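S.K.: See upload-v2.pdb below, with PDB, C-alpha atoms, pLDDT in the B column.
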```
ATOM      1  CA  MET A 136       0.000   0.000   0.000  1.00 53.00           C
ATOM      2  CA  GLN A 137       1.312   3.471  -0.857  1.00 68.00           C
ATOM      3  CA  ALA A 138       2.110   5.840   2.021  1.00 87.00           C
ATOM      4  CA  THR A 139      -0.300   8.604   1.013  1.00 95.00           C
ATOM      5  CA  ALA A 140      -3.096   9.244  -1.449  1.00 97.00           C
ATOM      6  CA  THR A 141      -3.674  12.671  -2.961  1.00 97.00           C
ATOM      7  CA  VAL A 142      -7.292  13.778  -3.221  1.00 98.00           C
ATOM      8  CA  LEU A 143      -8.212  16.843  -5.258  1.00 98.00           C
ATOM      9  CA  VAL A 144     -11.255  18.680  -3.884  1.00 98.00           C
ATOM     10  CA  TYR A 145     -12.989  21.154  -6.206  1.00 98.00           C
ATOM     11  CA  SER A 146     -15.602  23.552  -4.864  1.00 98.00           C
ATOM     12  CA  ASP A 147     -15.961  27.305  -4.915  1.00 98.00           C
ATOM     13  CA  ASP A 148     -17.391  27.000  -1.378  1.00 98.00           C
ATOM     14  CA  ALA A 149     -14.768  26.746   1.375  1.00 98.00           C
ATOM     15  CA  ASN A 150     -17.382  25.160   3.681  1.00 97.00           C
ATOM     16  CA  THR A 151     -17.934  22.301   1.237  1.00 97.00           C
ATOM     17  CA  ARG A 152     -14.182  21.709   0.974  1.00 98.00           C
ATOM     18  CA  GLU A 153     -14.020  21.673   4.775  1.00 98.00           C
ATOM     19  CA  GLN A 154     -16.903  19.147   4.972  1.00 97.00           C
ATOM     20  CA  VAL A 155     -14.932  16.845   2.670  1.00 98.00           C
ATOM     21  CA  ARG A 156     -11.761  17.163   4.762  1.00 98.00           C
ATOM     22  CA  LEU A 157     -13.621  16.554   8.028  1.00 97.00           C
ATOM     23  CA  ALA A 158     -15.580  13.572   6.648  1.00 97.00           C
ATOM     24  CA  THR A 159     -12.349  11.986   5.419  1.00 97.00           C
ATOM     25  CA  GLY A 160     -10.197  12.566   8.483  1.00 96.00           C
ATOM     26  CA  ARG A 161      -6.640  11.266   8.135  1.00 95.00           C
ATOM     27  CA  ARG A 162      -7.851   8.249   6.173  1.00 95.00           C
ATOM     28  CA  PRO A 163     -11.375   7.192   5.175  1.00 97.00           C
ATOM     29  CA  ALA A 164     -10.811   3.507   6.062  1.00 97.00           C
ATOM     30  CA  PRO A 165      -8.094   1.467   7.778  1.00 95.00           C
ATOM     31  CA  ASP A 166      -7.107  -0.374   4.563  1.00 95.00           C
ATOM     32  CA  VAL A 167      -6.417   2.726   2.449  1.00 96.00           C
ATOM     33  CA  PRO A 168      -3.531   5.210   2.611  1.00 95.00           C
ATOM     34  CA  VAL A 169      -3.454   8.416   4.619  1.00 97.00           C
ATOM     35  CA  VAL A 170      -5.006  11.217   2.545  1.00 98.00           C
ATOM     36  CA  GLU A 171      -3.446  14.516   1.559  1.00 98.00           C
ATOM     37  CA  PHE A 172      -5.708  17.161   0.020  1.00 98.00           C
ATOM     38  CA  VAL A 173      -5.230  19.536  -2.873  1.00 98.00           C
ATOM     39  CA  GLU A 174      -7.999  22.137  -2.774  1.00 98.00           C
ATOM     40  CA  CYS A 175      -9.173  23.989  -5.866  1.00 98.00           C
ATOM     41  CA  ALA A 176     -11.774  26.749  -6.086  1.00 98.00           C
ATOM     42  CA  THR A 177     -11.709  27.281  -9.859  1.00 98.00           C
ATOM     43  CA  PRO A 178     -11.901  25.060 -12.946  1.00 98.00           C
ATOM     44  CA  ALA A 179      -8.519  26.411 -14.125  1.00 98.00           C
ATOM     45  CA  ALA A 180      -6.906  25.308 -10.859  1.00 98.00           C
ATOM     46  CA  VAL A 181      -8.355  21.792 -11.273  1.00 98.00           C
ATOM     47  CA  LEU A 182      -6.927  21.484 -14.782  1.00 98.00           C
ATOM     48  CA  ALA A 183      -3.532  22.806 -13.633  1.00 98.00           C
ATOM     49  CA  GLU A 184      -3.352  20.273 -10.788  1.00 98.00           C
ATOM     50  CA  LEU A 185      -4.372  17.393 -13.042  1.00 98.00           C
ATOM     51  CA  ASP A 186      -1.735  18.462 -15.593  1.00 97.00           C
ATOM     52  CA  ARG A 187       0.841  18.434 -12.781  1.00 97.00           C
ATOM     53  CA  GLY A 188      -0.119  14.823 -11.986  1.00 96.00           C
ATOM     54  CA  GLY A 189      -0.086  12.798  -8.795  1.00 96.00           C
ATOM     55  CA  ILE A 190      -3.821  13.004  -8.085  1.00 97.00           C
ATOM     56  CA  ASP A 191      -5.347   9.688  -6.979  1.00 97.00           C
ATOM     57  CA  VAL A 192      -9.037  10.694  -6.701  1.00 98.00           C
ATOM     58  CA  CYS A 193     -11.014  13.854  -7.536  1.00 98.00           C
ATOM     59  CA  VAL A 194     -13.937  15.052  -5.424  1.00 98.00           C
ATOM     60  CA  LEU A 195     -15.988  17.541  -7.460  1.00 98.00           C
ATOM     61  CA  ASP A 196     -18.829  19.716  -6.179  1.00 98.00           C
ATOM     62  CA  GLY A 197     -21.776  19.441  -8.548  1.00 96.00           C
ATOM     63  CA  GLU A 198     -23.096  22.747  -7.194  1.00 96.00           C
ATOM     64  CA  ALA A 199     -19.874  24.729  -7.791  1.00 97.00           C
ATOM     65  CA  VAL A 200     -19.937  28.045  -9.620  1.00 96.00           C
ATOM     66  CA  PRO A 201     -19.099  29.058 -12.362  1.00 94.00           C
ATOM     67  CA  MET A 202     -18.623  25.479 -13.575  1.00 97.00           C
ATOM     68  CA  GLY A 203     -20.366  22.663 -11.771  1.00 96.00           C
ATOM     69  CA  GLY A 204     -18.619  19.445 -10.900  1.00 97.00           C
ATOM     70  CA  MET A 205     -20.654  17.464 -13.439  1.00 97.00           C
ATOM     71  CA  GLY A 206     -19.438  19.576 -16.338  1.00 97.00           C
ATOM     72  CA  MET A 207     -15.931  19.585 -14.886  1.00 98.00           C
ATOM     73  CA  CYS A 208     -16.024  15.790 -14.608  1.00 98.00           C
ATOM     74  CA  ARG A 209     -17.168  15.345 -18.194  1.00 97.00           C
ATOM     75  CA  GLN A 210     -14.432  17.701 -19.390  1.00 97.00           C
ATOM     76  CA  ILE A 211     -11.597  16.012 -17.500  1.00 98.00           C
ATOM     77  CA  LYS A 212     -12.777  12.545 -18.531  1.00 97.00           C
ATOM     78  CA  ASP A 213     -12.475  13.740 -22.161  1.00 97.00           C
ATOM     79  CA  GLU A 214      -9.256  15.744 -21.818  1.00 96.00           C
ATOM     80  CA  VAL A 215      -7.042  14.197 -19.117  1.00 96.00           C
ATOM     81  CA  PHE A 216      -5.073  11.076 -20.011  1.00 94.00           C
ATOM     82  CA  ASN A 217      -5.542   8.396 -17.315  1.00 94.00           C
ATOM     83  CA  CYS A 218      -8.000  10.632 -15.502  1.00 97.00           C
ATOM     84  CA  PRO A 219      -8.287   9.701 -11.812  1.00 97.00           C
ATOM     85  CA  PRO A 220     -11.609   8.376 -10.536  1.00 97.00           C
ATOM     86  CA  VAL A 221     -14.182  11.017  -9.613  1.00 98.00           C
ATOM     87  CA  LEU A 222     -16.494  11.231  -6.607  1.00 98.00           C
ATOM     88  CA  LEU A 223     -19.220  13.744  -7.388  1.00 98.00           C
ATOM     89  CA  LEU A 224     -21.075  15.740  -4.722  1.00 98.00           C
ATOM     90  CA  ILE A 225     -24.660  16.175  -5.924  1.00 97.00           C
ATOM     91  CA  GLY A 226     -27.442  18.411  -4.633  1.00 93.00           C
ATOM     92  CA  ARG A 227     -30.264  15.843  -4.765  1.00 93.00           C
ATOM     93  CA  PRO A 228     -30.444  12.056  -5.002  1.00 91.00           C
ATOM     94  CA  GLN A 229     -32.476  12.553  -8.201  1.00 92.00           C
ATOM     95  CA  ASP A 230     -29.334  13.994  -9.829  1.00 89.00           C
ATOM     96  CA  ALA A 231     -27.604  10.600  -9.792  1.00 89.00           C
ATOM     97  CA  TRP A 232     -28.430  10.111 -13.485  1.00 91.00           C
ATOM     98  CA  LEU A 233     -26.519  13.317 -14.256  1.00 90.00           C
ATOM     99  CA  ALA A 234     -23.539  11.936 -12.353  1.00 91.00           C
ATOM    100  CA  THR A 235     -23.689   8.920 -14.674  1.00 92.00           C
ATOM    101  CA  TRP A 236     -23.817  11.257 -17.696  1.00 94.00           C
ATOM    102  CA  SER A 237     -20.718  13.046 -16.410  1.00 96.00           C
ATOM    103  CA  ARG A 238     -18.908   9.671 -16.146  1.00 97.00           C
ATOM    104  CA  ALA A 239     -18.209   9.990 -12.412  1.00 97.00           C
ATOM    105  CA  GLU A 240     -17.358   6.689 -10.742  1.00 97.00           C
ATOM    106  CA  ALA A 241     -19.368   7.546  -7.608  1.00 97.00           C
ATOM    107  CA  ALA A 242     -21.753  10.189  -6.256  1.00 97.00           C
ATOM    108  CA  VAL A 243     -22.973  11.239  -2.813  1.00 97.00           C
ATOM    109  CA  THR A 244     -25.413  13.970  -1.837  1.00 96.00           C
ATOM    110  CA  LEU A 245     -24.725  17.296  -0.174  1.00 96.00           C
ATOM    111  CA  PRO A 246     -24.437  18.141   2.624  1.00 95.00           C
ATOM    112  CA  VAL A 247     -21.647  15.627   3.095  1.00 96.00           C
ATOM    113  CA  GLU A 248     -22.699  12.734   5.330  1.00 96.00           C
ATOM    114  CA  PRO A 249     -19.383  11.519   6.839  1.00 97.00           C
ATOM    115  CA  VAL A 250     -19.957   7.739   6.843  1.00 97.00           C
ATOM    116  CA  GLU A 251     -21.413   7.633   3.316  1.00 97.00           C
ATOM    117  CA  PHE A 252     -18.715   9.939   1.965  1.00 98.00           C
ATOM    118  CA  ALA A 253     -15.809   8.115   3.624  1.00 98.00           C
ATOM    119  CA  SER A 254     -17.122   4.782   2.337  1.00 98.00           C
ATOM    120  CA  ALA A 255     -17.400   6.062  -1.248  1.00 98.00           C
ATOM    121  CA  LEU A 256     -13.944   7.685  -1.137  1.00 98.00           C
ATOM    122  CA  ALA A 257     -12.349   4.561   0.355  1.00 98.00           C
ATOM    123  CA  SER A 258     -13.918   2.440  -2.379  1.00 97.00           C
ATOM    124  CA  LEU A 259     -12.403   4.649  -5.101  1.00 97.00           C
ATOM    125  CA  LEU A 260      -9.005   4.605  -3.383  1.00 97.00           C
ATOM    126  CA  ARG A 261      -9.132   0.784  -3.240  1.00 96.00           C
ATOM    127  CA  GLN A 262     -10.021   0.604  -6.942  1.00 91.00           C
ATOM    128  CA  LYS A 263      -7.184   2.991  -7.778  1.00 80.00           C
ATOM    129  CA  SER A 264      -4.791   0.885  -5.696  1.00 75.00           C
ATOM    130  CA  LEU A 265      -5.854  -2.346  -7.449  1.00 73.00           C
ATOM    131  CA  ALA A 266      -5.579  -0.735 -10.875  1.00 72.00           C
ATOM    132  CA  GLY A 267      -2.043   0.438 -10.106  1.00 65.00           C
ATOM    133  CA  ALA A 268      -0.910  -2.940  -8.751  1.00 53.00           C
TER     134      ALA A 268
END
```
Could you take the file, read its structure, and then write that structure out as structure tokens?
M.R.:
Amino acid sequence: MQATATVLVYSDDANTREQVRLATGRRPAPDVPVVEFVECATPAAVLAELDRGGIDVCVLDGEAVPMGGMGMCRQIKDEVFNCPPVLLLIGRPQDAWLATWSRAEAAVTLPVEPVEFASALASLLRQKSLAGA
């Protein structure tokens, strides 16, 4: 198992980014690496970080402004080679079909519910770990 996993968190709302950090803690599950966060408040910052590399999972806020996480997800899935898995934060459970359209690997509703979020993030980190093995 790698020592750390890097999770990119995109939201224009600092409170949403904080909810993600608090729900994750140091690690979302005992069998996944300790998490380090890269926070982004703009679409340009997300693209710059993904170009830099080293991101294991992206958490994108579907309610972000000016570009929502669903559109951001669709764009990075088209434009970023070996795009990391995406966990999408959606406003309503009924928006799950849009998460599928955006090609996100997982989706959870806002506000962040810590157990549900940590479980979804841990699952993506496990998948990423297996894919890299």
S.K.: Mind giving me the axis-aligned box for stretch 213-228 of chain A with 8 Å on every side, centre plus edges in Å to one decimal, as AutoDock Vina command-line options?
M.R.:
```
--center_x -17.8 --center_y 13.4 --center_z -13.4 --size_x 41.4 --size_y 26.0 --size_z 33.5
```
S.K.: Which residues of stretch 140-185 of chain A come within 10 Å of stretch 214-222 of chain A, and for each one, what is the closest pair of atoms and their distance in Å to one decimal, counting all atoms listed in the file, sorted by chain and residue number, as CSV?
M.R.:
```
residue,atom,partner,partner_atom,distance
A:Val142,CA,A:Pro219,CA,9.6
A:Leu143,CA,A:Val221,CA,9.4
A:Val144,CA,A:Leu222,CA,9.5
A:Leu182,CA,A:Val215,CA,8.5
A:Leu185,CA,A:Val215,CA,7.4
```
S.K.: Produce a file of the selected residues containing C-alpha atoms, as a PDB file, in the frame of the given file.
M.R.:
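This is the output file out-v1.pdb:
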```pdb
ATOM      1  CA  VAL A 142      -7.292  13.778  -3.221  1.00 98.00           C
ATOM      2  CA  LEU A 143      -8.212  16.843  -5.258  1.00 98.00           C
ATOM      3  CA  VAL A 144     -11.255  18.680  -3.884  1.00 98.00           C
ATOM      4  CA  LEU A 182      -6.927  21.484 -14.782  1.00 98.00           C
ATOM      5  CA  LEU A 185      -4.372  17.393 -13.042  1.00 98.00           C
TER       6      LEU A 185
END
```
S.K.: Can you pull out the residues contacting stretch 170-181 of chain A? Cut-off 10 Å, using only C-alpha atoms, and skip same-chain residues under 5 positions away; I want them as a PyMOL selection string.
M.R.: chain A and resi 138-149+152-153+155-156+159-163+186-187+190-196+199-204+206-207+211+260
S.K.: Can you tell me how far atom CA of A:Met205 sits from atom CA of A:Asp166, in Å to one decimal?
M.R.: 28.7 Å
S.K.: If you measure from atom CA of A:Ala239 to atom CA of A:Gln210, what distance in Å do you get, rounded to one decimal?
M.R.: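 Separation of atom CA of A:Ala239 and atom CA of A:Gln210: 11.1 Å.
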S.K.: Between A:Gln262, A:Val169, A:Cys208, A:Gly189, which is the closest to A:Ala234 once you count all atoms listed in the file?
M.R.: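 So, comparing all the options, the nearest one is A:Cys208.
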S.K.: Which residues, written as a list of chain:residue names, have at least one atom at most 6 Å from A:Leu224, with all atoms listed in the file counted and residues fewer than 4 positions away on the same chain left out?
M.R.: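 Near neighbours after the sequence-gap exclusion: A:Asp196, A:Gly197, A:Ala242, A:Val243, A:Thr244.
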S.K.: Could you check how far atom CA of A:Gly226 sits from atom CA of A:Leu245, in Å to one decimal?
M.R.: 5.3 Å
